$ cat data.cif   # mmCIF, C-alpha atoms
data_final
#
loop_
_atom_site.label_atom_id
_atom_site.label_comp_id
_atom_site.auth_asym_id
_atom_site.auth_seq_id
_atom_site.Cartn_x
_atom_site.Cartn_y
_atom_site.Cartn_z
CA MET R 1 -0.40 12.45 -7.92
CA ALA R 2 -3.00 11.12 -10.32
CA GLN R 3 -6.56 11.01 -9.09
CA GLN R 4 -7.97 7.53 -9.43
CA ASP R 5 -10.45 5.84 -7.17
CA SER R 6 -9.67 2.47 -5.70
CA PRO R 7 -11.92 0.06 -3.85
CA THR R 8 -10.85 1.58 -0.53
CA GLY R 9 -10.91 5.27 -1.55
CA THR R 10 -8.78 7.79 -3.33
CA PRO R 11 -5.01 7.30 -3.56
CA GLN R 12 -4.61 10.13 -1.00
CA ALA R 13 -6.89 8.29 1.47
CA VAL R 14 -5.02 4.99 0.98
CA ILE R 15 -1.65 6.73 1.42
CA ALA R 16 -2.90 8.65 4.49
CA ALA R 17 -4.04 5.44 6.21
CA ALA R 18 -0.78 3.66 5.34
CA LEU R 19 1.38 6.52 6.65
CA ARG R 20 -0.53 6.65 9.95
CA ARG R 21 -0.37 2.85 10.29
CA GLU R 22 3.38 2.62 9.55
CA ARG R 23 4.32 5.61 11.73
CA THR R 24 2.37 4.09 14.63
CA ARG R 25 3.94 0.67 13.99
CA ALA R 26 7.40 2.26 14.13
CA GLY R 27 6.51 4.20 17.30
CA LEU R 28 7.62 7.49 15.75
CA SER R 29 6.23 11.01 16.10
CA LEU R 30 5.22 13.21 13.17
CA THR R 31 8.27 15.35 13.92
CA GLU R 32 10.69 12.39 13.85
CA VAL R 33 9.35 10.93 10.59
CA ALA R 34 9.31 14.35 8.91
CA HIS R 35 12.91 14.96 10.03
CA ARG R 36 14.08 11.54 8.77
CA ALA R 37 12.34 12.10 5.41
CA GLY R 38 13.61 15.67 5.04
CA ILE R 39 10.13 17.18 4.73
CA ALA R 40 8.15 19.68 6.78
CA LYS R 41 6.07 18.35 9.67
CA SER R 42 3.08 20.22 8.22
CA THR R 43 3.52 18.35 4.93
CA LEU R 44 3.45 14.99 6.71
CA SER R 45 0.43 16.09 8.74
CA GLN R 46 -1.41 16.99 5.52
CA LEU R 47 -0.48 13.65 3.94
CA GLU R 48 -1.68 11.72 6.99
CA SER R 49 -4.99 13.62 6.90
CA GLY R 50 -5.42 12.83 3.20
CA THR R 51 -5.29 16.47 2.10
CA GLY R 52 -1.76 16.53 0.67
CA ASN R 53 -0.72 15.86 -2.92
CA PRO R 54 2.68 14.16 -2.59
CA SER R 55 5.30 13.76 -5.27
CA LEU R 56 6.98 10.45 -5.95
CA GLU R 57 10.14 11.82 -4.32
CA THR R 58 8.31 12.70 -1.10
CA LEU R 59 6.67 9.27 -0.91
CA TRP R 60 10.00 7.47 -1.45
CA ALA R 61 11.63 9.60 1.27
CA LEU R 62 8.83 8.64 3.66
CA CYS R 63 9.23 4.94 2.80
CA VAL R 64 12.95 5.15 3.58
CA ALA R 65 12.20 7.00 6.84
CA LEU R 66 9.65 4.34 7.84
CA ASP R 67 11.72 1.39 6.50
CA MET R 68 8.86 0.13 4.37
CA PRO R 69 8.36 -0.90 0.74
CA PHE R 70 6.88 1.76 -1.53
CA SER R 71 3.92 -0.44 -2.41
CA GLY R 72 2.83 -0.38 1.23
CA LEU R 73 1.58 3.16 0.61
CA LEU R 74 -0.64 2.32 -2.35
CA ASP R 75 -1.76 -1.26 -2.10
CA PRO R 76 -5.28 -1.83 -0.74
CA PRO R 77 -6.49 -5.42 -0.20
CA ARG R 78 -6.91 -7.23 -3.54
CA PRO R 79 -9.03 -10.09 -4.82
CA ALA R 80 -7.46 -13.47 -5.73
CA VAL R 81 -7.72 -12.71 -9.47
CA GLN R 82 -6.86 -9.20 -10.55
CA VAL R 83 -6.74 -7.48 -13.93
CA ILE R 84 -5.31 -3.98 -14.35
CA ARG R 85 -5.99 -2.58 -17.78
CA ALA R 86 -3.53 -0.24 -19.51
CA GLY R 87 -4.13 3.25 -18.16
CA GLU R 88 -5.61 1.97 -14.87
CA GLY R 89 -4.16 1.50 -11.38
CA PRO R 90 -2.84 3.85 -8.69
CA VAL R 91 -0.40 6.29 -10.32
CA VAL R 92 2.21 8.47 -8.63
CA ALA R 93 4.08 11.14 -10.62
CA ALA R 94 7.58 12.52 -10.12
CA ALA R 95 7.94 16.19 -9.25
CA GLU R 96 10.73 17.16 -11.65
CA SER R 97 10.38 14.82 -14.62
CA ASP R 98 7.64 13.40 -16.82
CA TYR R 99 7.79 10.01 -15.06
CA ARG R 100 4.89 8.05 -13.58
CA ALA R 101 4.83 4.78 -11.66
CA THR R 102 1.71 2.61 -11.60
CA LEU R 103 1.64 -0.09 -8.93
CA LEU R 104 0.62 -3.37 -10.56
CA ALA R 105 1.38 -5.86 -7.78
CA ALA R 106 2.70 -5.48 -4.27
CA SER R 107 4.57 -8.07 -2.29
CA PRO R 108 2.22 -10.73 -1.00
CA PRO R 109 2.95 -12.04 2.50
CA ASN R 110 6.33 -13.82 2.70
CA SER R 111 7.49 -12.20 -0.54
CA ARG R 112 9.60 -9.10 -1.02
CA ARG R 113 8.98 -7.60 -4.45
CA ASP R 114 6.75 -4.97 -6.05
CA LEU R 115 5.80 -4.64 -9.72
CA PHE R 116 5.23 -1.30 -11.48
CA ARG R 117 4.50 0.00 -14.98
CA ILE R 118 6.71 3.04 -15.69
CA THR R 119 5.80 5.63 -18.31
CA ALA R 120 8.17 8.48 -19.11
CA GLU R 121 8.72 11.24 -21.64
CA PRO R 122 12.00 12.86 -22.70
CA GLY R 123 13.08 16.15 -21.17
CA HIS R 124 14.04 15.53 -17.56
CA ALA R 125 15.68 12.45 -16.11
CA ARG R 126 14.07 10.85 -13.05
CA ARG R 127 16.89 10.76 -10.51
CA SER R 128 16.21 8.55 -7.48
CA ASP R 129 17.84 8.78 -4.09
CA PRO R 130 18.85 5.46 -2.55
CA HIS R 131 15.99 3.30 -1.27
CA ILE R 132 16.14 1.15 1.86
CA PRO R 133 19.25 -1.10 2.12
CA GLY R 134 19.23 -4.33 0.11
CA VAL R 135 16.89 -3.14 -2.66
CA PHE R 136 17.51 -4.23 -6.26
CA GLU R 137 15.63 -2.82 -9.23
CA HIS R 138 14.93 -4.80 -12.40
CA VAL R 139 13.80 -2.90 -15.52
CA LEU R 140 12.50 -4.48 -18.73
CA LEU R 141 12.01 -1.78 -21.38
CA ALA R 142 8.88 -2.39 -23.44
CA SER R 143 8.78 0.61 -25.78
CA GLY R 144 10.96 3.61 -26.65
CA ARG R 145 14.54 4.13 -25.50
CA ALA R 146 15.90 5.11 -22.10
CA LYS R 147 19.08 5.51 -20.07
CA VAL R 148 18.63 3.43 -16.93
CA GLY R 149 20.79 2.37 -13.99
CA LEU R 150 23.21 3.86 -11.52
CA ILE R 151 23.62 7.64 -11.80
CA ASP R 152 27.31 7.38 -12.74
CA GLU R 153 26.87 4.47 -15.19
CA PRO R 154 23.43 4.54 -16.90
CA VAL R 155 22.94 2.08 -19.76
CA GLU R 156 20.94 2.88 -22.89
CA LEU R 157 18.11 0.38 -23.33
CA GLY R 158 15.85 -0.38 -26.28
CA PRO R 159 12.64 -2.44 -26.48
CA GLY R 160 13.14 -5.87 -24.90
CA ASP R 161 16.36 -4.90 -23.07
CA TYR R 162 16.69 -5.69 -19.35
CA ILE R 163 18.87 -4.21 -16.59
CA SER R 164 19.27 -4.91 -12.88
CA TYR R 165 21.06 -2.63 -10.42
CA PRO R 166 21.23 -1.86 -6.68
CA GLY R 167 18.32 0.44 -5.78
CA ASP R 168 20.04 1.40 -2.54
CA LEU R 169 22.45 3.56 -4.59
CA PRO R 170 21.49 6.75 -6.51
CA HIS R 171 19.94 5.75 -9.85
CA VAL R 172 18.25 7.22 -12.89
CA PHE R 173 15.58 6.58 -15.53
CA GLU R 174 15.76 8.98 -18.48
CA ALA R 175 13.39 8.57 -21.43
CA LEU R 176 15.08 9.25 -24.76
CA GLU R 177 11.98 8.84 -26.95
CA PRO R 178 8.31 9.84 -26.52
CA ALA R 179 5.95 7.21 -25.09
CA THR R 180 8.72 5.24 -23.40
CA TRP R 181 7.46 2.62 -20.98
CA ALA R 182 8.89 -0.22 -18.96
CA THR R 183 8.14 -2.81 -16.32
CA LEU R 184 9.94 -2.24 -13.03
CA VAL R 185 10.34 -4.91 -10.37
CA ILE R 186 11.66 -3.73 -7.02
CA GLU R 187 13.15 -6.59 -5.02
CA TYR R 188 13.62 -6.21 -1.26
CA THR R 189 16.29 -8.58 0.09
#

$ encode --input "data.cif" --output "structure tokens"
Amino acid sequence: MAQQDSPTGTPQAVIAAALRRERTRAGLSLTEVAHRAGIAKSTLSQLESGTGNPSLETLWALCVALDMPFSGLLDPPRPAVQVIRAGEGPVVAAAESDYRATLLAASPPNSRRDLFRITAEPGHARRSDPHIPGVFEHVLLASGRAKVGLIDEPVELGPGDYISYPGDLPHVFEALEPATWATLVIEYT
């Protein structure tokens, strides 16, 4: 995970506080959440203490286990007007592909969507397990080329192309050119 300070601390500290808060809210033990997410209890304990360095895959698995949007792990309180410059914002990297997600905007109260900037390089596709039920992903490719969509039916996109697909099914983002980037909106229904 990229190291970037936020107004409320490092990304690890923000994630640690969110994991503790959501696990307590759900009334679940460390053991139960770790089991549901398919990770070791010691890994979850490290993440909750702020000493772990989680991959994107681990964080998504924890969000599914806790039935929470991904942005709930990264989004500290924000001012009314916010500017995030290119190259700024909380970044989480995938473990097995050159794929990074930067949270740009989380769901405000009474809304159910998150906005991310995705950057990816060719070499390894980012395969995603299903997210919580009812999730849809919307991708608008800004630069480069990529295969995006459901694992069995990815669609090749070029700059300006848009795709929407159910995020509660296995899906993929595979950069086909260097410096590929896109905007991703995750919609929770």

$ closest_residue --input "data.cif" --among "R:Leu104, R:Ile15, R:Leu74, R:Leu30" --to "Ser45 (chain R)" --atoms "only C-alpha atoms"
R:Leu30

$ closest_residue --input "data.cif" --among "R:Arg117, R:Arg85, R:His124, R:Arg112" --to "Phe136 (chain R)" --atoms "all atoms listed in the file"
R:Arg112

$ residues_around --input "data.cif" --residues "Ala175 (chain R)" --least-positions-apart "5" --cutoff "6 Å" --atoms "only C-alpha atoms" --output "JSON, numbers by chain"
{"R": [120, 121, 122, 146]}

$ closest_residue --input "data.cif" --among "R:Thr102, R:Thr31, R:Thr183, R:Ser49" --to "Ala18 (chain R)" --atoms "all atoms listed in the file"
R:Ser49

$ closest_residue --input "data.cif" --among "R:Val172, R:Val33, R:Val14, R:Val64" --to "Pro90 (chain R)" --atoms "only C-alpha atoms"
R:Val14

$ atom_distance --input "data.cif" --atom1 "CA of Tyr99 (chain R)" --atom2 "CA of Glu57 (chain R)"
11.1 Å

$ atom_distance --input "data.cif" --atom1 "CA of Gly123 (chain R)" --atom2 "CA of Glu156 (chain R)"
15.5 Å

$ resolve_selection --input "data.cif" --expression "the PyMOL selection byres ((chain R and resi 163) around 8)" --output "count of residues only"
9

$ resolve_selection --input "data.cif" --expression "the PyMOL selection byres ((chain R and resi 125-132) around 10)" --output "number ranges by chain"
R: 56-57, 60-61, 63-70, 94-100, 120-124, 133-136, 146-151, 166-176, 188-189

$ closest_residue --input "data.cif" --among "R:Ser143, R:Ala13, R:Gly158, R:Glu153" --to "Gly52 (chain R)" --atoms "only C-alpha atoms"
R:Ala13

$ closest_residue --input "data.cif" --among "R:Pro178, R:Val155, R:Pro11, R:Arg21" --to "Gly89 (chain R)" --atoms "all atoms listed in the file"
R:Pro11

$ atom_distance --input "data.cif" --atom1 "CA of Arg25 (chain R)" --atom2 "CA of Leu47 (chain R)"
17.0 Å

$ residues_around --input "data.cif" --residues "Gly38 (chain R)" --least-positions-apart "2" --cutoff "10 Å" --atoms "all atoms listed in the file" --output "MDAnalysis selection string"
chainID R and resid 32:36 40:41 58 61:62 65

$ write_last_selection --input "data.cif" --atoms "C-alpha atoms" --output "PDB file, keeping the file's coordinate frame"
ATOM      1  CA  GLU R  32      10.690  12.390  13.850  1.00  0.00           C
ATOM      2  CA  VAL R  33       9.350  10.930  10.590  1.00  0.00           C
ATOM      3  CA  ALA R  34       9.310  14.350   8.910  1.00  0.00           C
ATOM      4  CA  HIS R  35      12.910  14.960  10.030  1.00  0.00           C
ATOM      5  CA  ARG R  36      14.080  11.540   8.770  1.00  0.00           C
ATOM      6  CA  ALA R  40       8.150  19.680   6.780  1.00  0.00           C
ATOM      7  CA  LYS R  41       6.070  18.350   9.670  1.00  0.00           C
ATOM      8  CA  THR R  58       8.310  12.700  -1.100  1.00  0.00           C
ATOM      9  CA  ALA R  61      11.630   9.600   1.270  1.00  0.00           C
ATOM     10  CA  LEU R  62       8.830   8.640   3.660  1.00  0.00           C
ATOM     11  CA  ALA R  65      12.200   7.000   6.840  1.00  0.00           C
TER      12      ALA R  65
END

$ decode --input "data.cif" --residues "region 153-184 of chain R" --atoms "N, CA, C and O atoms" --output "PDB file, in the first residue's frame"
ATOM      1  N   GLU R 153     -16.061 -12.395 -20.196  1.00  0.00           N
ATOM      2  CA  GLU R 153     -16.450 -11.567 -21.347  1.00  0.00           C
ATOM      3  C   GLU R 153     -15.830 -10.164 -21.276  1.00  0.00           C
ATOM      4  O   GLU R 153     -16.543  -9.180 -21.437  1.00  0.00           O
ATOM      5  N   PRO R 154     -14.504 -10.034 -21.067  1.00  0.00           N
ATOM      6  CA  PRO R 154     -13.954  -8.671 -21.004  1.00  0.00           C
ATOM      7  C   PRO R 154     -14.078  -7.978 -22.361  1.00  0.00           C
ATOM      8  O   PRO R 154     -14.095  -8.624 -23.405  1.00  0.00           O
ATOM      9  N   VAL R 155     -14.190  -6.655 -22.310  1.00  0.00           N
ATOM     10  CA  VAL R 155     -14.338  -5.839 -23.514  1.00  0.00           C
ATOM     11  C   VAL R 155     -13.106  -4.946 -23.615  1.00  0.00           C
ATOM     12  O   VAL R 155     -12.683  -4.353 -22.623  1.00  0.00           O
ATOM     13  N   GLU R 156     -12.541  -4.847 -24.821  1.00  0.00           N
ATOM     14  CA  GLU R 156     -11.392  -3.956 -25.007  1.00  0.00           C
ATOM     15  C   GLU R 156     -11.886  -2.523 -25.124  1.00  0.00           C
ATOM     16  O   GLU R 156     -12.767  -2.212 -25.927  1.00  0.00           O
ATOM     17  N   LEU R 157     -11.315  -1.654 -24.299  1.00  0.00           N
ATOM     18  CA  LEU R 157     -11.678  -0.240 -24.277  1.00  0.00           C
ATOM     19  C   LEU R 157     -10.510   0.623 -24.712  1.00  0.00           C
ATOM     20  O   LEU R 157      -9.357   0.300 -24.435  1.00  0.00           O
ATOM     21  N   GLY R 158     -10.832   1.742 -25.359  1.00  0.00           N
ATOM     22  CA  GLY R 158      -9.861   2.763 -25.702  1.00  0.00           C
ATOM     23  C   GLY R 158     -10.250   4.064 -25.014  1.00  0.00           C
ATOM     24  O   GLY R 158     -11.292   4.138 -24.352  1.00  0.00           O
ATOM     25  N   PRO R 159      -9.444   5.117 -25.167  1.00  0.00           N
ATOM     26  CA  PRO R 159      -9.736   6.390 -24.509  1.00  0.00           C
ATOM     27  C   PRO R 159     -11.152   6.879 -24.831  1.00  0.00           C
ATOM     28  O   PRO R 159     -11.580   6.879 -25.977  1.00  0.00           O
ATOM     29  N   GLY R 160     -11.887   7.244 -23.772  1.00  0.00           N
ATOM     30  CA  GLY R 160     -13.243   7.735 -23.916  1.00  0.00           C
ATOM     31  C   GLY R 160     -14.302   6.657 -23.862  1.00  0.00           C
ATOM     32  O   GLY R 160     -15.489   6.967 -23.740  1.00  0.00           O
ATOM     33  N   ASP R 161     -13.925   5.374 -23.942  1.00  0.00           N
ATOM     34  CA  ASP R 161     -14.900   4.288 -23.891  1.00  0.00           C
ATOM     35  C   ASP R 161     -15.363   4.051 -22.455  1.00  0.00           C
ATOM     36  O   ASP R 161     -14.611   4.229 -21.493  1.00  0.00           O
ATOM     37  N   TYR R 162     -16.608   3.612 -22.324  1.00  0.00           N
ATOM     38  CA  TYR R 162     -17.255   3.377 -21.035  1.00  0.00           C
ATOM     39  C   TYR R 162     -17.829   1.963 -21.000  1.00  0.00           C
ATOM     40  O   TYR R 162     -18.325   1.465 -22.011  1.00  0.00           O
ATOM     41  N   ILE R 163     -17.780   1.325 -19.830  1.00  0.00           N
ATOM     42  CA  ILE R 163     -18.410   0.024 -19.619  1.00  0.00           C
ATOM     43  C   ILE R 163     -19.003  -0.002 -18.217  1.00  0.00           C
ATOM     44  O   ILE R 163     -18.467   0.616 -17.296  1.00  0.00           O
ATOM     45  N   SER R 164     -20.114  -0.730 -18.087  1.00  0.00           N
ATOM     46  CA  SER R 164     -20.734  -0.981 -16.793  1.00  0.00           C
ATOM     47  C   SER R 164     -20.990  -2.477 -16.694  1.00  0.00           C
ATOM     48  O   SER R 164     -21.376  -3.101 -17.678  1.00  0.00           O
ATOM     49  N   TYR R 165     -20.780  -3.049 -15.506  1.00  0.00           N
ATOM     50  CA  TYR R 165     -20.965  -4.484 -15.317  1.00  0.00           C
ATOM     51  C   TYR R 165     -21.221  -4.770 -13.840  1.00  0.00           C
ATOM     52  O   TYR R 165     -20.872  -3.961 -12.977  1.00  0.00           O
ATOM     53  N   PRO R 166     -21.818  -5.929 -13.535  1.00  0.00           N
ATOM     54  CA  PRO R 166     -22.074  -6.285 -12.138  1.00  0.00           C
ATOM     55  C   PRO R 166     -20.755  -6.570 -11.411  1.00  0.00           C
ATOM     56  O   PRO R 166     -19.997  -7.452 -11.812  1.00  0.00           O
ATOM     57  N   GLY R 167     -20.493  -5.830 -10.347  1.00  0.00           N
ATOM     58  CA  GLY R 167     -19.278  -6.026  -9.550  1.00  0.00           C
ATOM     59  C   GLY R 167     -19.424  -7.157  -8.552  1.00  0.00           C
ATOM     60  O   GLY R 167     -18.456  -7.507  -7.876  1.00  0.00           O
ATOM     61  N   ASP R 168     -20.631  -7.738  -8.457  1.00  0.00           N
ATOM     62  CA  ASP R 168     -20.805  -8.875  -7.560  1.00  0.00           C
ATOM     63  C   ASP R 168     -20.583 -10.201  -8.286  1.00  0.00           C
ATOM     64  O   ASP R 168     -20.929 -11.260  -7.790  1.00  0.00           O
ATOM     65  N   LEU R 169     -19.961 -10.117  -9.482  1.00  0.00           N
ATOM     66  CA  LEU R 169     -19.495 -11.285 -10.234  1.00  0.00           C
ATOM     67  C   LEU R 169     -17.990 -11.108 -10.451  1.00  0.00           C
ATOM     68  O   LEU R 169     -17.492  -9.980 -10.451  1.00  0.00           O
ATOM     69  N   PRO R 170     -17.228 -12.202 -10.658  1.00  0.00           N
ATOM     70  CA  PRO R 170     -15.788 -12.055 -10.913  1.00  0.00           C
ATOM     71  C   PRO R 170     -15.551 -11.154 -12.134  1.00  0.00           C
ATOM     72  O   PRO R 170     -16.207 -11.299 -13.166  1.00  0.00           O
ATOM     73  N   HIS R 171     -14.595 -10.218 -11.998  1.00  0.00           N
ATOM     74  CA  HIS R 171     -14.340  -9.266 -13.073  1.00  0.00           C
ATOM     75  C   HIS R 171     -12.850  -8.961 -13.176  1.00  0.00           C
ATOM     76  O   HIS R 171     -12.061  -9.362 -12.327  1.00  0.00           O
ATOM     77  N   VAL R 172     -12.487  -8.242 -14.247  1.00  0.00           N
ATOM     78  CA  VAL R 172     -11.076  -8.055 -14.566  1.00  0.00           C
ATOM     79  C   VAL R 172     -10.823  -6.651 -15.113  1.00  0.00           C
ATOM     80  O   VAL R 172     -11.705  -6.039 -15.732  1.00  0.00           O
ATOM     81  N   PHE R 173      -9.618  -6.151 -14.865  1.00  0.00           N
ATOM     82  CA  PHE R 173      -9.103  -4.939 -15.503  1.00  0.00           C
ATOM     83  C   PHE R 173      -7.683  -5.291 -15.931  1.00  0.00           C
ATOM     84  O   PHE R 173      -6.833  -5.560 -15.092  1.00  0.00           O
ATOM     85  N   GLU R 174      -7.437  -5.312 -17.239  1.00  0.00           N
ATOM     86  CA  GLU R 174      -6.116  -5.666 -17.755  1.00  0.00           C
ATOM     87  C   GLU R 174      -5.623  -4.553 -18.675  1.00  0.00           C
ATOM     88  O   GLU R 174      -6.177  -4.331 -19.757  1.00  0.00           O
ATOM     89  N   ALA R 175      -4.583  -3.854 -18.244  1.00  0.00           N
ATOM     90  CA  ALA R 175      -3.982  -2.809 -19.075  1.00  0.00           C
ATOM     91  C   ALA R 175      -3.292  -3.457 -20.264  1.00  0.00           C
ATOM     92  O   ALA R 175      -2.586  -4.456 -20.126  1.00  0.00           O
ATOM     93  N   LEU R 176      -3.494  -2.867 -21.447  1.00  0.00           N
ATOM     94  CA  LEU R 176      -2.872  -3.367 -22.665  1.00  0.00           C
ATOM     95  C   LEU R 176      -1.778  -2.431 -23.166  1.00  0.00           C
ATOM     96  O   LEU R 176      -1.025  -2.808 -24.063  1.00  0.00           O
ATOM     97  N   GLU R 177      -1.718  -1.224 -22.614  1.00  0.00           N
ATOM     98  CA  GLU R 177      -0.699  -0.238 -22.974  1.00  0.00           C
ATOM     99  C   GLU R 177      -0.134   0.383 -21.700  1.00  0.00           C
ATOM    100  O   GLU R 177      -0.852   0.490 -20.702  1.00  0.00           O
ATOM    101  N   PRO R 178       1.137   0.835 -21.738  1.00  0.00           N
ATOM    102  CA  PRO R 178       1.690   1.537 -20.579  1.00  0.00           C
ATOM    103  C   PRO R 178       0.884   2.801 -20.268  1.00  0.00           C
ATOM    104  O   PRO R 178       0.266   3.399 -21.146  1.00  0.00           O
ATOM    105  N   ALA R 179       0.911   3.186 -19.005  1.00  0.00           N
ATOM    106  CA  ALA R 179       0.272   4.414 -18.516  1.00  0.00           C
ATOM    107  C   ALA R 179      -1.237   4.436 -18.768  1.00  0.00           C
ATOM    108  O   ALA R 179      -1.814   5.472 -19.040  1.00  0.00           O
ATOM    109  N   THR R 180      -1.868   3.277 -18.671  1.00  0.00           N
ATOM    110  CA  THR R 180      -3.320   3.212 -18.804  1.00  0.00           C
ATOM    111  C   THR R 180      -3.946   3.729 -17.517  1.00  0.00           C
ATOM    112  O   THR R 180      -3.504   3.387 -16.424  1.00  0.00           O
ATOM    113  N   TRP R 181      -4.975   4.574 -17.671  1.00  0.00           N
ATOM    114  CA  TRP R 181      -5.709   4.998 -16.477  1.00  0.00           C
ATOM    115  C   TRP R 181      -7.165   5.224 -16.803  1.00  0.00           C
ATOM    116  O   TRP R 181      -7.537   5.452 -17.945  1.00  0.00           O
ATOM    117  N   ALA R 182      -7.979   5.114 -15.746  1.00  0.00           N
ATOM    118  CA  ALA R 182      -9.428   5.183 -15.910  1.00  0.00           C
ATOM    119  C   ALA R 182     -10.065   5.754 -14.649  1.00  0.00           C
ATOM    120  O   ALA R 182      -9.442   5.809 -13.590  1.00  0.00           O
ATOM    121  N   THR R 183     -11.306   6.159 -14.800  1.00  0.00           N
ATOM    122  CA  THR R 183     -12.138   6.521 -13.659  1.00  0.00           C
ATOM    123  C   THR R 183     -13.075   5.356 -13.395  1.00  0.00           C
ATOM    124  O   THR R 183     -13.679   4.816 -14.318  1.00  0.00           O
ATOM    125  N   LEU R 184     -13.157   4.944 -12.140  1.00  0.00           N
ATOM    126  CA  LEU R 184     -14.017   3.850 -11.723  1.00  0.00           C
ATOM    127  C   LEU R 184     -15.036   4.371 -10.729  1.00  0.00           C
ATOM    128  O   LEU R 184     -14.671   5.004  -9.738  1.00  0.00           O
TER     129      LEU R 184
END
